file start_32.tsv (TSV, C-alpha atoms and all ligand atoms)
chain	number	residue	atom	x	y	z
G	1	MET	CA	0.00	0.00	0.00
G	2	GLN	CA	1.19	3.50	-0.84
G	3	ASN	CA	-0.04	5.94	1.79
G	4	ILE	CA	-0.78	9.55	1.01
G	5	VAL	CA	-0.77	12.17	3.76
G	6	ILE	CA	-2.18	15.54	2.67
G	7	LEU	CA	-1.06	18.74	4.42
G	8	ILE	CA	-3.45	21.70	4.34
G	9	SER	CA	-3.86	25.12	5.96
G	10	GLY	CA	-7.13	26.38	4.54
G	11	ALA	CA	-10.02	25.69	2.20
G	12	GLY	CA	-8.76	22.35	0.98
G	13	SER	CA	-10.15	22.53	-2.55
G	14	ASN	CA	-7.03	20.86	-3.98
G	15	MET	CA	-7.35	18.20	-1.28
G	16	VAL	CA	-10.96	17.56	-2.34
G	17	ALA	CA	-9.88	17.34	-5.99
G	18	ILE	CA	-7.34	14.69	-4.96
G	19	LEU	CA	-9.86	12.76	-2.82
G	20	ARG	CA	-12.38	12.76	-5.69
G	21	ALA	CA	-9.75	11.66	-8.22
G	22	ALA	CA	-8.65	8.87	-5.89
G	23	GLN	CA	-12.23	7.58	-5.71
G	24	ARG	CA	-13.12	8.08	-9.35
G	25	GLY	CA	-9.76	6.83	-10.62
G	26	GLN	CA	-9.75	3.83	-8.27
G	27	TRP	CA	-6.30	4.64	-6.94
G	28	GLU	CA	-6.58	1.90	-4.33
G	29	GLN	CA	-7.18	-0.79	-6.95
G	30	ARG	CA	-4.91	0.59	-9.64
G	31	TYR	CA	-1.94	1.85	-7.62
G	32	GLY	CA	-2.46	0.34	-4.17
G	33	ALA	CA	-2.68	3.94	-2.95
G	34	LYS	CA	-4.85	5.47	-0.29
G	35	VAL	CA	-5.20	8.88	1.39
G	36	ALA	CA	-4.40	7.85	4.97
G	37	ALA	CA	-4.77	11.23	6.69
G	38	VAL	CA	-5.17	14.97	6.30
G	39	ILE	CA	-3.11	17.15	8.61
G	40	SER	CA	-3.68	20.88	9.11
G	41	ASN	CA	-1.54	23.39	10.95
G	42	ARG	CA	-4.73	25.35	11.65
G	43	ALA	CA	-7.60	23.93	13.71
G	44	ASP	CA	-10.07	26.20	11.85
G	45	ALA	CA	-9.09	25.06	8.34
G	46	LYS	CA	-12.30	24.49	6.36
G	47	GLY	CA	-10.64	21.55	4.63
G	48	LEU	CA	-10.71	19.51	7.85
G	49	GLU	CA	-14.51	19.18	7.71
G	50	LEU	CA	-14.37	18.25	4.03
G	51	ALA	CA	-11.77	15.57	4.73
G	52	ALA	CA	-13.95	14.13	7.50
G	53	GLN	CA	-16.94	14.13	5.11
G	54	HIS	CA	-14.82	11.98	2.79
G	55	GLY	CA	-14.13	9.60	5.66
G	56	VAL	CA	-10.46	10.53	5.94
G	57	PRO	CA	-8.88	10.78	9.41
G	58	THR	CA	-7.78	14.31	10.30
G	59	GLN	CA	-5.11	15.70	12.61
G	60	VAL	CA	-4.15	19.19	13.70
G	61	VAL	CA	-0.54	20.12	14.41
G	62	ASP	CA	-0.79	23.79	15.39
G	63	HIS	CA	2.37	25.72	14.54
G	64	ARG	CA	1.54	28.25	17.27
G	65	ALA	CA	1.83	25.53	19.91
G	66	HIS	CA	5.51	25.10	19.02
G	67	ALA	CA	8.30	27.47	20.01
G	68	SER	CA	10.35	27.14	16.83
G	69	ARG	CA	10.12	25.96	13.23
G	70	ASP	CA	12.30	23.00	14.22
G	71	ALA	CA	9.88	22.02	16.99
G	72	PHE	CA	6.85	22.35	14.70
G	73	ASP	CA	8.47	20.35	11.92
G	74	HIS	CA	9.46	17.67	14.43
G	75	ALA	CA	5.85	17.38	15.65
G	76	LEU	CA	4.61	17.30	12.06
G	77	THR	CA	7.14	14.59	11.22
G	78	GLN	CA	5.96	12.51	14.19
G	79	CYS	CA	2.35	12.89	13.12
G	80	ILE	CA	3.11	11.82	9.53
G	81	ALA	CA	5.27	8.93	10.79
G	82	GLY	CA	2.11	7.46	12.35
G	83	TYR	CA	0.90	6.79	8.79
G	84	GLU	CA	4.15	5.36	7.41
G	85	ALA	CA	4.61	1.62	7.07
G	86	PRO	CA	8.02	-0.02	6.54
G	87	GLY	CA	8.61	-0.92	2.90
G	88	HIS	CA	5.67	1.14	1.71
G	89	PRO	CA	6.21	4.58	0.18
G	90	THR	CA	4.39	7.42	1.93
G	91	TRP	CA	3.70	10.51	-0.12
G	92	VAL	CA	3.40	13.84	1.66
G	93	VAL	CA	1.20	16.07	-0.47
G	94	MET	CA	1.02	19.79	0.31
G	95	ALA	CA	-2.29	21.32	-0.78
G	96	GLY	CA	-2.43	24.98	0.20
G	97	PHE	CA	-0.08	24.27	3.10
G	98	MET	CA	1.30	27.62	4.22
G	99	ARG	CA	4.30	26.95	6.52
G	100	VAL	CA	7.85	27.05	5.23
G	101	LEU	CA	9.54	23.76	6.12
G	102	THR	CA	13.03	23.21	7.56
G	103	PRO	CA	15.76	21.33	5.67
G	104	ALA	CA	15.51	18.51	8.24
G	105	PHE	CA	11.87	18.01	7.23
G	106	THR	CA	12.38	18.28	3.46
G	107	GLU	CA	15.32	15.83	3.66
G	108	ARG	CA	13.32	13.35	5.77
G	109	PHE	CA	10.66	13.16	3.03
G	110	ALA	CA	12.89	13.89	0.01
G	111	GLY	CA	11.47	12.61	-3.28
G	112	ARG	CA	8.09	11.95	-1.62
G	113	LEU	CA	7.15	15.54	-0.74
G	114	VAL	CA	5.01	17.28	-3.36
G	115	ASN	CA	3.53	20.81	-3.56
G	116	ILE	CA	1.33	22.82	-5.86
G	117	HIS	CA	2.28	26.44	-6.25
G	118	PRO	CA	0.04	29.04	-7.90
G	119	SER	CA	2.53	30.43	-10.42
G	120	LEU	CA	4.57	29.30	-13.39
G	121	LEU	CA	7.75	28.53	-11.44
G	122	PRO	CA	10.53	29.62	-11.45
G	123	ALA	CA	8.56	32.87	-11.76
G	124	PHE	CA	7.05	34.18	-8.53
G	125	PRO	CA	8.11	31.81	-5.77
G	126	GLY	CA	6.71	32.65	-2.33
G	127	LEU	CA	3.48	34.44	-1.50
G	128	HIS	CA	1.01	36.79	-3.31
G	129	THR	CA	1.82	35.27	-6.69
G	130	HIS	CA	-1.27	36.48	-8.57
G	131	GLN	CA	-0.89	40.10	-7.48
G	132	ARG	CA	2.78	39.99	-8.44
G	133	ALA	CA	2.00	38.47	-11.87
G	134	LEU	CA	-0.53	41.26	-12.52
G	135	GLU	CA	1.92	43.95	-11.41
G	136	ALA	CA	4.61	42.49	-13.69
G	137	GLY	CA	2.21	42.73	-16.63
G	138	CYS	CA	2.32	38.98	-17.33
G	139	LYS	CA	0.06	37.86	-20.18
G	140	PHE	CA	0.05	34.28	-18.89
G	141	ALA	CA	-0.08	32.82	-15.41
G	142	GLY	CA	-0.54	29.31	-14.09
G	143	ALA	CA	0.34	26.69	-11.54
G	144	THR	CA	3.20	24.29	-10.91
G	145	VAL	CA	3.35	20.88	-9.24
G	146	HIS	CA	6.85	20.29	-7.91
G	147	LEU	CA	8.89	18.15	-5.57
G	148	VAL	CA	9.74	20.11	-2.43
G	149	THR	CA	13.37	20.70	-1.49
G	150	ALA	CA	14.91	22.94	1.15
G	151	ASP	CA	14.99	25.82	-1.36
G	152	LEU	CA	11.54	27.41	-1.37
G	153	ASP	CA	9.54	26.61	-4.52
G	154	GLN	CA	12.66	25.52	-6.42
G	155	GLY	CA	12.40	21.73	-6.45
G	156	PRO	CA	12.05	19.68	-9.67
G	157	ILE	CA	8.93	20.53	-11.71
G	158	LEU	CA	6.48	17.67	-12.27
G	159	ALA	CA	3.63	19.45	-14.09
G	160	GLN	CA	2.41	22.91	-15.08
G	161	ALA	CA	-0.78	24.47	-16.42
G	162	VAL	CA	-1.09	27.84	-18.14
G	163	SER	CA	-3.90	30.39	-18.10
G	164	PRO	CA	-4.15	33.65	-20.00
G	165	VAL	CA	-4.25	36.83	-17.91
G	166	LEU	CA	-7.24	38.94	-18.95
G	167	ALA	CA	-7.14	42.74	-19.05
G	168	THR	CA	-10.00	42.76	-16.57
G	169	ASP	CA	-8.34	40.37	-14.09
G	170	THR	CA	-7.91	41.12	-10.42
G	171	ALA	CA	-5.78	38.92	-8.18
G	172	ASP	CA	-9.00	37.18	-7.12
G	173	THR	CA	-10.34	36.44	-10.60
G	174	LEU	CA	-6.92	35.23	-11.75
G	175	ALA	CA	-6.54	33.08	-8.63
G	176	ALA	CA	-9.94	31.47	-9.26
G	177	ARG	CA	-9.08	30.64	-12.89
G	178	VAL	CA	-5.70	29.21	-11.90
G	179	LEU	CA	-7.25	27.25	-9.01
G	180	ALA	CA	-9.57	25.45	-11.44
G	181	LEU	CA	-6.48	24.36	-13.39
G	182	GLU	CA	-4.77	23.26	-10.18
G	183	HIS	CA	-7.67	20.89	-9.53
G	184	GLN	CA	-6.98	19.26	-12.90
G	185	ILE	CA	-3.19	18.96	-12.86
G	186	TYR	CA	-2.54	18.04	-9.21
G	187	PRO	CA	-4.47	14.74	-9.16
G	188	ARG	CA	-3.03	13.86	-12.58
G	189	ALA	CA	0.56	14.52	-11.48
G	190	LEU	CA	0.03	12.48	-8.31
G	191	ALA	CA	-1.48	9.58	-10.26
G	192	ALA	CA	1.63	9.55	-12.46
G	193	LEU	CA	3.88	9.30	-9.38
G	194	LEU	CA	1.71	6.57	-7.87
G	195	ALA	CA	1.72	4.60	-11.12
G	196	GLN	CA	5.53	4.67	-11.16
G	197	HIS	CA	5.62	3.18	-7.66
G	198	ALA	CA	2.66	0.81	-7.88
G	199	PRO	CA	3.26	-2.84	-6.99
G	200	ARG	CA	3.07	-5.00	-10.13
T	1	LIG	N1	9.25	24.56	2.40
T	1	LIG	C1	10.37	24.28	1.74
T	1	LIG	N2	11.46	24.04	2.45
T	1	LIG	N3	10.45	24.27	0.39
T	1	LIG	C2	9.36	24.55	-0.34
T	1	LIG	O1	9.45	24.51	-1.65
T	1	LIG	C3	8.13	24.86	0.29
T	1	LIG	C4	8.12	24.85	1.69
T	1	LIG	C5	6.95	25.17	2.38
T	1	LIG	C6	5.81	25.51	1.71
T	1	LIG	C7	4.60	26.00	-0.39
T	1	LIG	C8	4.81	27.45	-0.84
T	1	LIG	C9	3.88	27.80	-1.97
T	1	LIG	O2	3.45	26.92	-2.72
T	1	LIG	C10	5.81	25.55	0.30
T	1	LIG	C11	6.96	25.20	-0.40
T	1	LIG	C12	4.24	29.25	2.44
T	1	LIG	C13	5.16	30.30	2.35
T	1	LIG	C14	5.34	31.28	3.48
T	1	LIG	O3	6.07	32.24	3.36
T	1	LIG	C15	5.93	30.39	1.20
T	1	LIG	C16	5.79	29.47	0.18
T	1	LIG	C17	4.88	28.42	0.28
T	1	LIG	C18	4.10	28.32	1.42
T	1	LIG	N4	4.68	31.05	4.64
T	1	LIG	C19	4.76	31.88	5.85
T	1	LIG	C20	5.78	31.32	6.83
T	1	LIG	O4	6.27	32.14	7.64
T	1	LIG	C21	3.44	31.92	6.57
T	1	LIG	C22	2.35	32.48	5.74
T	1	LIG	C23	0.96	32.21	6.32
T	1	LIG	O5	0.84	31.50	7.35
T	1	LIG	O6	-0.01	32.68	5.73
T	1	LIG	O7	6.03	30.10	6.86
T	1	LIG	O8	3.60	29.00	-2.16
T	2	LIG	C1	-4.05	27.12	-3.98
T	2	LIG	O1	-4.17	28.09	-5.00
T	2	LIG	C2	-2.60	26.74	-3.80
T	2	LIG	O2	-1.89	26.66	-5.01
T	2	LIG	C3	-2.11	27.88	-2.99
T	2	LIG	O3	-3.14	28.19	-2.08
T	2	LIG	C4	-4.38	27.75	-2.62
T	2	LIG	C5	-4.96	26.75	-1.67
T	2	LIG	O4	-6.28	26.45	-2.00
T	2	LIG	N1	-0.93	27.53	-2.28
T	2	LIG	C6	-0.10	28.42	-1.81
T	2	LIG	O5	-0.23	29.59	-2.01
T	2	LIG	C7	1.02	27.85	-1.00
T	2	LIG	N2	1.79	28.94	-0.50
T	2	LIG	P1	-6.98	25.16	-1.41
T	2	LIG	O6	-6.74	25.15	0.11
T	2	LIG	O7	-8.42	25.36	-1.73
T	2	LIG	O8	-6.38	23.97	-2.06

call {"tool": "encode", "arguments": {"input": "start_32.tsv", "output": "structure tokens"}}
result
Amino acid sequence: MQNIVILISGAGSNMVAILRAAQRGQWEQRYGAKVAAVISNRADAKGLELAAQHGVPTQVVDHRAHASRDAFDHALTQCIAGYEAPGHPTWVVMAGFMRVLTPAFTERFAGRLVNIHPSLLPAFPGLHTHQRALEAGCKFAGATVHLVTADLDQGPILAQAVSPVLATDTADTLAARVLALEHQIYPRALAALLAQHAPR
């Protein structure tokens, strides 16, 4: 069995897209893969309720309860470790997860830690990507699925999707259009990873 642990901080719409794709695409049958848990660093994340509605166990690891980034990442690692099984790959899938992770964490899960970022990386790493793309006068924007390394938003690119920027766009309208693309490419990119590691 390949376990998937999804990390969220907020609405969880990418998480829902993944949960739906896993059901519809029969990930358990085809890849021996299952979403084992959803972990949020915020107790009030809307995505937690949605995960529960899908029958997925949820956990909260509150970053504010930890004195340092090291302490938070250690607690998060311990929580994820509860869903790891020896000899079975565990994927850690960041879906709107908003805490920068320490090198100790990214190395612990290297090659199995995936993120979706709302820009065409390497353009606009970090926060407020849509506003920055508008201010730069970009005619195209998009989203990137990438492996997470210690260097913020600079790990190997797995998939991208492109959207035109309209003259009438605000950061919100652009974000909504890009988000719809995220929901398409993230499950697809994950399925490709799972297929590569499926028992055969
Ligand atoms: N950590 C590492 N080491 N490498 C990456 O590539 C990471 C990462 C952690 C998160 C996601 C990223 C994004 O897709 C991500 C990639 C949060 C921030 C941030 O500055 C930046 C980039 C991303 C996520 N967070 C603030 C912080 O102090 C908190 C902001 C908030 O809570 O709203 O951690 O965009
Ligand atoms: C998504 O657009 C995701 O790419 C972005 O936040 C949104 C989360 O939405 N991620 C980041 O900005 C990471 N810093 P969701 O919670 O509905 O999936």

call {"tool": "axis_aligned_box", "arguments": {"input": "start_32.tsv", "around": "ligand LIG 1 (chain T)", "padding_each_side": "3 Å", "output": "AutoDock Vina command-line options"}}
result
--center_x 5.7 --center_y 28.4 --center_z 2.5 --size_x 17.5 --size_y 14.6 --size_z 16.4

call {"tool": "closest_residue", "arguments": {"input": "start_32.tsv", "among": "G:Leu181, G:Leu127, G:Val165, G:Ala51", "to": "Ala143 of chain G", "atoms": "only C-alpha atoms"}}
result
G:Leu181

call {"tool": "residues_near_ligand", "arguments": {"input": "start_32.tsv", "ligand": "ligand LIG 1 (chain T)", "cutoff": "9 Å", "atoms": "all atoms listed in the file", "output": "PDB file with C-alpha atoms, in the frame of the given file"}}
result
ATOM      1  CA  SER G   9      -3.860  25.120   5.960  1.00  0.00           C
ATOM      2  CA  ARG G  69      10.120  25.960  13.230  1.00  0.00           C
ATOM      3  CA  MET G  94       1.020  19.790   0.310  1.00  0.00           C
ATOM      4  CA  ALA G  95      -2.290  21.320  -0.780  1.00  0.00           C
ATOM      5  CA  GLY G  96      -2.430  24.980   0.200  1.00  0.00           C
ATOM      6  CA  PHE G  97      -0.080  24.270   3.100  1.00  0.00           C
ATOM      7  CA  MET G  98       1.300  27.620   4.220  1.00  0.00           C
ATOM      8  CA  ARG G  99       4.300  26.950   6.520  1.00  0.00           C
ATOM      9  CA  VAL G 100       7.850  27.050   5.230  1.00  0.00           C
ATOM     10  CA  LEU G 101       9.540  23.760   6.120  1.00  0.00           C
ATOM     11  CA  THR G 102      13.030  23.210   7.560  1.00  0.00           C
ATOM     12  CA  PRO G 103      15.760  21.330   5.670  1.00  0.00           C
ATOM     13  CA  ALA G 104      15.510  18.510   8.240  1.00  0.00           C
ATOM     14  CA  PHE G 105      11.870  18.010   7.230  1.00  0.00           C
ATOM     15  CA  THR G 106      12.380  18.280   3.460  1.00  0.00           C
ATOM     16  CA  VAL G 114       5.010  17.280  -3.360  1.00  0.00           C
ATOM     17  CA  ASN G 115       3.530  20.810  -3.560  1.00  0.00           C
ATOM     18  CA  ILE G 116       1.330  22.820  -5.860  1.00  0.00           C
ATOM     19  CA  HIS G 117       2.280  26.440  -6.250  1.00  0.00           C
ATOM     20  CA  PRO G 118       0.040  29.040  -7.900  1.00  0.00           C
ATOM     21  CA  SER G 119       2.530  30.430 -10.420  1.00  0.00           C
ATOM     22  CA  PHE G 124       7.050  34.180  -8.530  1.00  0.00           C
ATOM     23  CA  PRO G 125       8.110  31.810  -5.770  1.00  0.00           C
ATOM     24  CA  GLY G 126       6.710  32.650  -2.330  1.00  0.00           C
ATOM     25  CA  LEU G 127       3.480  34.440  -1.500  1.00  0.00           C
ATOM     26  CA  HIS G 128       1.010  36.790  -3.310  1.00  0.00           C
ATOM     27  CA  THR G 129       1.820  35.270  -6.690  1.00  0.00           C
ATOM     28  CA  THR G 144       3.200  24.290 -10.910  1.00  0.00           C
ATOM     29  CA  VAL G 145       3.350  20.880  -9.240  1.00  0.00           C
ATOM     30  CA  HIS G 146       6.850  20.290  -7.910  1.00  0.00           C
ATOM     31  CA  LEU G 147       8.890  18.150  -5.570  1.00  0.00           C
ATOM     32  CA  VAL G 148       9.740  20.110  -2.430  1.00  0.00           C
ATOM     33  CA  THR G 149      13.370  20.700  -1.490  1.00  0.00           C
ATOM     34  CA  ALA G 150      14.910  22.940   1.150  1.00  0.00           C
ATOM     35  CA  ASP G 151      14.990  25.820  -1.360  1.00  0.00           C
ATOM     36  CA  LEU G 152      11.540  27.410  -1.370  1.00  0.00           C
ATOM     37  CA  ASP G 153       9.540  26.610  -4.520  1.00  0.00           C
ATOM     38  CA  GLN G 154      12.660  25.520  -6.420  1.00  0.00           C
ATOM     39  CA  GLY G 155      12.400  21.730  -6.450  1.00  0.00           C
TER      40      GLY G 155
END

call {"tool": "atom_distance", "arguments": {"input": "start_32.tsv", "atom1": "atom O4 of ligand LIG 2 (chain T)", "atom2": "atom CA of Ile8 of chain G"}}
result
8.4 Å

call {"tool": "closest_residue", "arguments": {"input": "start_32.tsv", "among": "G:Gly142, G:Pro86, G:Gly12, G:Pro122", "to": "ligand LIG 2 (chain T)", "atoms": "only C-alpha atoms and all ligand atoms"}}
result
G:Gly12

call {"tool": "atom_distance", "arguments": {"input": "start_32.tsv", "atom1": "atom CA of Thr173 of chain G", "atom2": "atom CA of Asn41 of chain G"}}
result
26.7 Å

call {"tool": "residues_near_point", "arguments": {"input": "start_32.tsv", "point": "(-5.8, 20.0, -8.6)", "cutoff": "9 Å", "atoms": "all atoms listed in the file", "output": "PDB file with C-alpha atoms, in the coordinates of the input"}}
result
ATOM      1  CA  SER G  13     -10.150  22.530  -2.550  1.00  0.00           C
ATOM      2  CA  ASN G  14      -7.030  20.860  -3.980  1.00  0.00           C
ATOM      3  CA  MET G  15      -7.350  18.200  -1.280  1.00  0.00           C
ATOM      4  CA  VAL G  16     -10.960  17.560  -2.340  1.00  0.00           C
ATOM      5  CA  ALA G  17      -9.880  17.340  -5.990  1.00  0.00           C
ATOM      6  CA  ILE G  18      -7.340  14.690  -4.960  1.00  0.00           C
ATOM      7  CA  ALA G  95      -2.290  21.320  -0.780  1.00  0.00           C
ATOM      8  CA  ILE G 116       1.330  22.820  -5.860  1.00  0.00           C
ATOM      9  CA  LEU G 179      -7.250  27.250  -9.010  1.00  0.00           C
ATOM     10  CA  ALA G 180      -9.570  25.450 -11.440  1.00  0.00           C
ATOM     11  CA  LEU G 181      -6.480  24.360 -13.390  1.00  0.00           C
ATOM     12  CA  GLU G 182      -4.770  23.260 -10.180  1.00  0.00           C
ATOM     13  CA  HIS G 183      -7.670  20.890  -9.530  1.00  0.00           C
ATOM     14  CA  GLN G 184      -6.980  19.260 -12.900  1.00  0.00           C
ATOM     15  CA  ILE G 185      -3.190  18.960 -12.860  1.00  0.00           C
ATOM     16  CA  TYR G 186      -2.540  18.040  -9.210  1.00  0.00           C
ATOM     17  CA  PRO G 187      -4.470  14.740  -9.160  1.00  0.00           C
ATOM     18  CA  ARG G 188      -3.030  13.860 -12.580  1.00  0.00           C
ATOM     19  CA  ALA G 189       0.560  14.520 -11.480  1.00  0.00           C
TER      20      ALA G 189
END

call {"tool": "residues_around", "arguments": {"input": "start_32.tsv", "residues": "Glu28 of chain G", "least_positions_apart": "5", "cutoff": "10 Å", "atoms": "only C-alpha atoms", "output": "CSV table (one decimal) with C-alpha atoms, in the coordinates of the input"}}
result
chain,number,residue,atom,x,y,z
G,1,MET,CA,0.0,0.0,0.0
G,2,GLN,CA,1.2,3.5,-0.8
G,3,ASN,CA,0.0,5.9,1.8
G,22,ALA,CA,-8.6,8.9,-5.9
G,23,GLN,CA,-12.2,7.6,-5.7
G,33,ALA,CA,-2.7,3.9,-3.0
G,34,LYS,CA,-4.8,5.5,-0.3
G,35,VAL,CA,-5.2,8.9,1.4
G,198,ALA,CA,2.7,0.8,-7.9

call {"tool": "closest_residue", "arguments": {"input": "start_32.tsv", "among": "G:Lys46, G:Arg20, G:Arg108, G:His197", "to": "ligand LIG 2 (chain T)", "atoms": "all atoms listed in the file"}}
result
G:Lys46

call {"tool": "atom_distance", "arguments": {"input": "start_32.tsv", "atom1": "atom CA of Glu84 of chain G", "atom2": "atom CA of Val60 of chain G"}}
result
17.3 Å

call {"tool": "residues_around", "arguments": {"input": "start_32.tsv", "residues": "His66 of chain G", "least_positions_apart": "5", "cutoff": "12 Å", "atoms": "only C-alpha atoms", "output": "list in words"}}
result
Asn41, Val61, Ala71, Phe72, Asp73, His74, Ala75 and Leu76 of chain G

call {"tool": "closest_residue", "arguments": {"input": "start_32.tsv", "among": "G:Gln78, G:Gln196, G:Thr170, G:Thr58", "to": "Ala45 of chain G", "atoms": "all atoms listed in the file"}}
result
G:Thr58

call {"tool": "closest_residue", "arguments": {"input": "start_32.tsv", "among": "G:Val5, G:Leu120, G:Ala21, G:Leu190", "to": "ligand LIG 2 (chain T)", "atoms": "all atoms listed in the file"}}
result
G:Leu120

call {"tool": "closest_residue", "arguments": {"input": "start_32.tsv", "among": "G:Gln26, G:Glu107, G:Cys79, G:Ile157", "to": "Ala195 of chain G", "atoms": "all atoms listed in the file"}}
result
G:Gln26

call {"tool": "residues_around", "arguments": {"input": "start_32.tsv", "residues": "Leu174 of chain G", "least_positions_apart": "2", "cutoff": "10 Å", "atoms": "all atoms listed in the file", "output": "count of residues only"}}
result
19

call {"tool": "build_atoms", "arguments": {"input": "start_32.tsv", "residues": "segment 187-200 of chain G", "atoms": "N, CA, C and O atoms", "output": "mmCIF file, keeping the file's coordinate frame"}}
result
data_model
loop_
_atom_site.group_PDB
_atom_site.id
_atom_site.type_symbol
_atom_site.label_atom_id
_atom_site.label_comp_id
_atom_site.auth_asym_id
_atom_site.auth_seq_id
_atom_site.Cartn_x
_atom_site.Cartn_y
_atom_site.Cartn_z
ATOM 1 N N PRO G 187 -4.165 16.173 -9.221
ATOM 2 C CA PRO G 187 -4.470 14.740 -9.160
ATOM 3 C C PRO G 187 -3.765 13.951 -10.260
ATOM 4 O O PRO G 187 -3.285 12.837 -10.032
ATOM 5 N N ARG G 188 -3.678 14.547 -11.454
ATOM 6 C CA ARG G 188 -3.030 13.860 -12.580
ATOM 7 C C ARG G 188 -1.545 13.631 -12.305
ATOM 8 O O ARG G 188 -1.011 12.548 -12.565
ATOM 9 N N ALA G 189 -0.872 14.655 -11.783
ATOM 10 C CA ALA G 189 0.560 14.520 -11.480
ATOM 11 C C ALA G 189 0.784 13.486 -10.382
ATOM 12 O O ALA G 189 1.743 12.697 -10.438
ATOM 13 N N LEU G 190 -0.106 13.461 -9.389
ATOM 14 C CA LEU G 190 0.030 12.480 -8.310
ATOM 15 C C LEU G 190 -0.195 11.068 -8.835
ATOM 16 O O LEU G 190 0.549 10.137 -8.486
ATOM 17 N N ALA G 191 -1.207 10.907 -9.697
ATOM 18 C CA ALA G 191 -1.480 9.580 -10.260
ATOM 19 C C ALA G 191 -0.263 9.063 -11.016
ATOM 20 O O ALA G 191 0.063 7.867 -10.954
ATOM 21 N N ALA G 192 0.431 9.957 -11.718
ATOM 22 C CA ALA G 192 1.630 9.550 -12.460
ATOM 23 C C ALA G 192 2.710 9.047 -11.502
ATOM 24 O O ALA G 192 3.373 8.036 -11.762
ATOM 25 N N LEU G 193 2.887 9.747 -10.378
ATOM 26 C CA LEU G 193 3.880 9.300 -9.380
ATOM 27 C C LEU G 193 3.482 7.945 -8.797
ATOM 28 O O LEU G 193 4.317 7.055 -8.647
ATOM 29 N N LEU G 194 2.198 7.817 -8.478
ATOM 30 C CA LEU G 194 1.710 6.570 -7.870
ATOM 31 C C LEU G 194 1.873 5.402 -8.839
ATOM 32 O O LEU G 194 2.236 4.293 -8.433
ATOM 33 N N ALA G 195 1.603 5.665 -10.120
ATOM 34 C CA ALA G 195 1.720 4.600 -11.120
ATOM 35 C C ALA G 195 3.163 4.109 -11.204
ATOM 36 O O ALA G 195 3.415 2.907 -11.345
ATOM 37 N N GLN G 196 4.118 5.050 -11.098
ATOM 38 C CA GLN G 196 5.530 4.670 -11.160
ATOM 39 C C GLN G 196 5.931 3.762 -9.999
ATOM 40 O O GLN G 196 6.886 3.002 -10.105
ATOM 41 N N HIS G 197 5.232 3.920 -8.868
ATOM 42 C CA HIS G 197 5.620 3.180 -7.660
ATOM 43 C C HIS G 197 4.635 2.081 -7.293
ATOM 44 O O HIS G 197 4.722 1.517 -6.209
ATOM 45 N N ALA G 198 3.689 1.817 -8.193
ATOM 46 C CA ALA G 198 2.660 0.810 -7.880
ATOM 47 C C ALA G 198 3.273 -0.586 -7.883
ATOM 48 O O ALA G 198 4.143 -0.885 -8.705
ATOM 49 N N PRO G 199 2.824 -1.442 -6.966
ATOM 50 C CA PRO G 199 3.260 -2.840 -6.990
ATOM 51 C C PRO G 199 2.752 -3.488 -8.277
ATOM 52 O O PRO G 199 1.658 -3.151 -8.741
ATOM 53 N N ARG G 200 3.534 -4.385 -8.885
ATOM 54 C CA ARG G 200 3.070 -5.000 -10.130
ATOM 55 C C ARG G 200 3.389 -6.468 -10.163
ATOM 56 O O ARG G 200 3.854 -7.009 -9.165
#
